[in-house]
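Engineer: Encoded as C-alpha cells, here's the structure I'll be asking about.
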Amino acid sequence: MGNQKKIIGEAIRGYNREEIIIGTKVGLEFENGINNSGLSRKRLYAQLRGSLERLNTEYIDIYQIHRWDYSTDIEETLSTLSQFVKEGKVRYIGATSIYAFQIQRLWDLAIYKGYEKLVYYSPRYNLAYREEERETIPLCRELNIAIAPYSPLARGFLTGKYKRNQTPNTVRYLTDKYLPTGYFRPEDFDVVENLEEIAKQKGVKPVVLALAWLFNKPYITTVLLGATKPEHLDDAVQALEIKLTEEEMKLLEKPYKPHELMGPTKSPLAP
C-alpha cells in the first residue's frame with residue numbers, strides 16, 4: 001500500500017491539487033507490531049504522517065477508518081480525526097466496513113461532543129451482495145452521508161468469467177479467499193446469469209450493466225472501482241451513460257437471495 005501511495009504522489013505532481021480528491025484508509029495492519037494496527041491516537045498520527053509523505057500532499061480529502069477498533073475507545077478515534085480536520089491535514093472523515101449502529105454512534109458523538117461528522121461511507125455493495133440495503137444504506141440516506149460502494153463487481157464474479165458447475169483456475173480465484181466463500185452459491189449464479197441475459201439484450205457487457213445498476217441508484221454518490229487495464233475505465237465510462245428504467249432495475253434485482261453478512265468485524269462482545 002505504501003508503494004501505491006508513492007506512485008499516486010508522483011502521478012499528481014504538476015496538477016492542480018484542488019482539482020484532485022484523494023481518499024485513503026487507516027486501521028489496516030501492514031506490519032507486525034503492537035502499534036501497527038487499530039485506531040488509537042498514536043496509530044492515527046503515525047499513519048497520517050506516513051500517508052501525507054508518500055502521497056506528497058499537505059492534506060487528505062477523505063480520511064476513512066477501516067473497520068471498527070474494539071480495543072480503542074471510539075471517542076479517542078473521533079476526537080483525533082476531528083483534530084486532523086482542525087489542523088488542515090484532513091478535509092472530511094469517512095468509514096468503511098462498519099455496522100449501522102456504529103455509524104449512528106459516531107454520529108451521536110459528533111452531535112453531542114462537537115466532533116466532526118461522518119460524511120462518507122463505503123460499503124460492500126453490488127448485484128450479488130445487497131445486505132447493506134437492510135440498515136446501513138437507509139441510515140446513511142437519512143443522515144445525508146455519501147455512499148461509495150467498494151467491490152462493485154463482486155471481486156470479479158459479476159464479469160461473467162465464472163460459470164456454474166465449473167472449477168475456476170484464475171489467479172484471483174486461487175489467491176482471494178473471499179471470492180469462493182462469498183459468491184459461489186447457486187443463488188449467486190442465478191444473479192450473474194440473469195445479468196448476462198439482460199446485458200445481451202441491451203448489447204453491452206455484463207460488467208458495464210453491473211456498474212450501471214449502481215450508477216442508476218439515486219443514493220449512490222460514486223463507486224470505487226479498481227482498473228488493471230485501460231478498457232476497464234472505458235467500461236466504467238460507458239456504464240455512466242446507461243439509463244435504466246425502473247422495470248429494468250427490478251429485473252436485474254429479481255433473482256437475489258439474502259446472504260450471510262460479510263464485511264464488518266464481529267464485536268468480541270457479541271453473543
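Identifiers in the C-alpha cells: chain A, B, ... in order shown; residue index from 1 per chain; ligand index from 1 in order shown.
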Give the helix (DSSP H, G or I) residues of region 12-105 of chain A, as DSSP finds them on the backbone, and put them as an MDAnalysis selection string.

Structural biologist: chainID A and resid 17:19 41:55 74:86 100:105

Engineer: Can you write out the residues you just picked, keeping C-alpha atoms, as a short mmCIF file (atom, residue, chain, number, x, y, z; two decimals), in the first residue's frame?

Structural biologist:
data_model
loop_
_atom_site.label_atom_id
_atom_site.label_comp_id
_atom_site.auth_asym_id
_atom_site.auth_seq_id
_atom_site.Cartn_x
_atom_site.Cartn_y
_atom_site.Cartn_z
CA ARG A 17 -4.15 19.74 -6.14
CA GLU A 18 -7.52 21.42 -5.57
CA GLU A 19 -8.91 19.57 -8.60
CA ARG A 41 -4.38 8.23 18.67
CA LYS A 42 -0.78 7.05 18.32
CA ARG A 43 -1.64 4.87 15.34
CA LEU A 44 -3.70 7.59 13.63
CA TYR A 45 -0.94 10.19 13.88
CA ALA A 46 1.69 7.77 12.59
CA GLN A 47 -0.46 6.63 9.67
CA LEU A 48 -1.49 10.13 8.64
CA ARG A 49 2.10 11.36 8.71
CA GLY A 50 3.19 8.44 6.54
CA SER A 51 0.31 8.88 4.09
CA LEU A 52 0.99 12.59 3.63
CA GLU A 53 4.67 11.93 2.97
CA ARG A 54 4.08 9.10 0.49
CA LEU A 55 1.30 10.94 -1.34
CA ILE A 74 -14.12 5.33 19.69
CA GLU A 75 -14.17 8.83 21.20
CA GLU A 76 -10.37 8.77 21.19
CA THR A 77 -10.51 7.92 17.50
CA LEU A 78 -13.12 10.52 16.57
CA SER A 79 -11.53 13.31 18.62
CA THR A 80 -8.19 12.64 16.92
CA LEU A 81 -9.74 12.67 13.45
CA SER A 82 -11.50 15.92 14.32
CA GLN A 83 -8.17 17.41 15.38
CA PHE A 84 -6.73 16.47 11.98
CA VAL A 85 -9.51 18.49 10.35
CA LYS A 86 -8.76 21.49 12.59
CA ALA A 100 -25.15 0.71 11.08
CA PHE A 101 -25.25 1.09 14.86
CA GLN A 102 -21.57 2.09 14.78
CA ILE A 103 -22.29 4.77 12.19
CA GLN A 104 -25.05 6.04 14.48
CA ARG A 105 -22.66 6.02 17.44
#

Engineer: Find the spatial neighbours of Ile137 (chain A), counting only C-alpha atoms, within a cut-off of 9 Å - ignore same-chain residues fewer than 3 positions away - and output them as a ChimeraX atom specification.

Structural biologist: /A:100,123,132-134,140-142,147,219

Engineer: Would you mind reading off the distance between CA of Leu240 (chain A) and CA of Ala146 (chain A), one decimal, in Å?

Structural biologist: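 Rounded to one decimal, the two atoms are 17.9 Å apart.
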
Engineer: Which value, in Å to one decimal, gives the distance between CA of Gly23 (chain A) and CA of Leu233 (chain A)?

Structural biologist: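 The value is 18.8 Å.
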
Engineer: Could you give me, as CSV, a per-residue list for region 109-209 of chain A showing, wherever an atom lies at most 12 Å from an atom of region 227-232 of chain A, the closest pair of atoms and their distance in Å to one decimal, using only C-alpha atoms and sorting by chain then residue number from low to high?

Structural biologist:
residue,atom,partner,partner_atom,distance
A:Ser151,CA,A:Ala227,CA,11.7
A:Pro152,CA,A:Ala227,CA,11.9
A:Leu153,CA,A:Ala227,CA,11.4
A:Arg155,CA,A:Ala227,CA,11.9
A:Gly156,CA,A:Ala227,CA,11.3
A:Thr159,CA,A:His232,CA,11.1
A:Lys205,CA,A:His232,CA,11.3
A:Val207,CA,A:His232,CA,9.1
A:Val208,CA,A:His232,CA,9.3

Engineer: Nearest to Lys5 (chain A): which of A:Ile60, A:Leu39, A:Ile145, A:Ala210 is it, counting only C-alpha atoms?

Structural biologist: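 Selected residue with least distance to Lys5 (chain A): A:Ile60.
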
Engineer: Could you pull the residues within 7 Å of Leu224 (chain A), counting only C-alpha atoms, minus those fewer than 6 positions along the same chain, as a list in words?

Structural biologist: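 Here the answer would be Ala148, Pro149 and Tyr150 of chain A.
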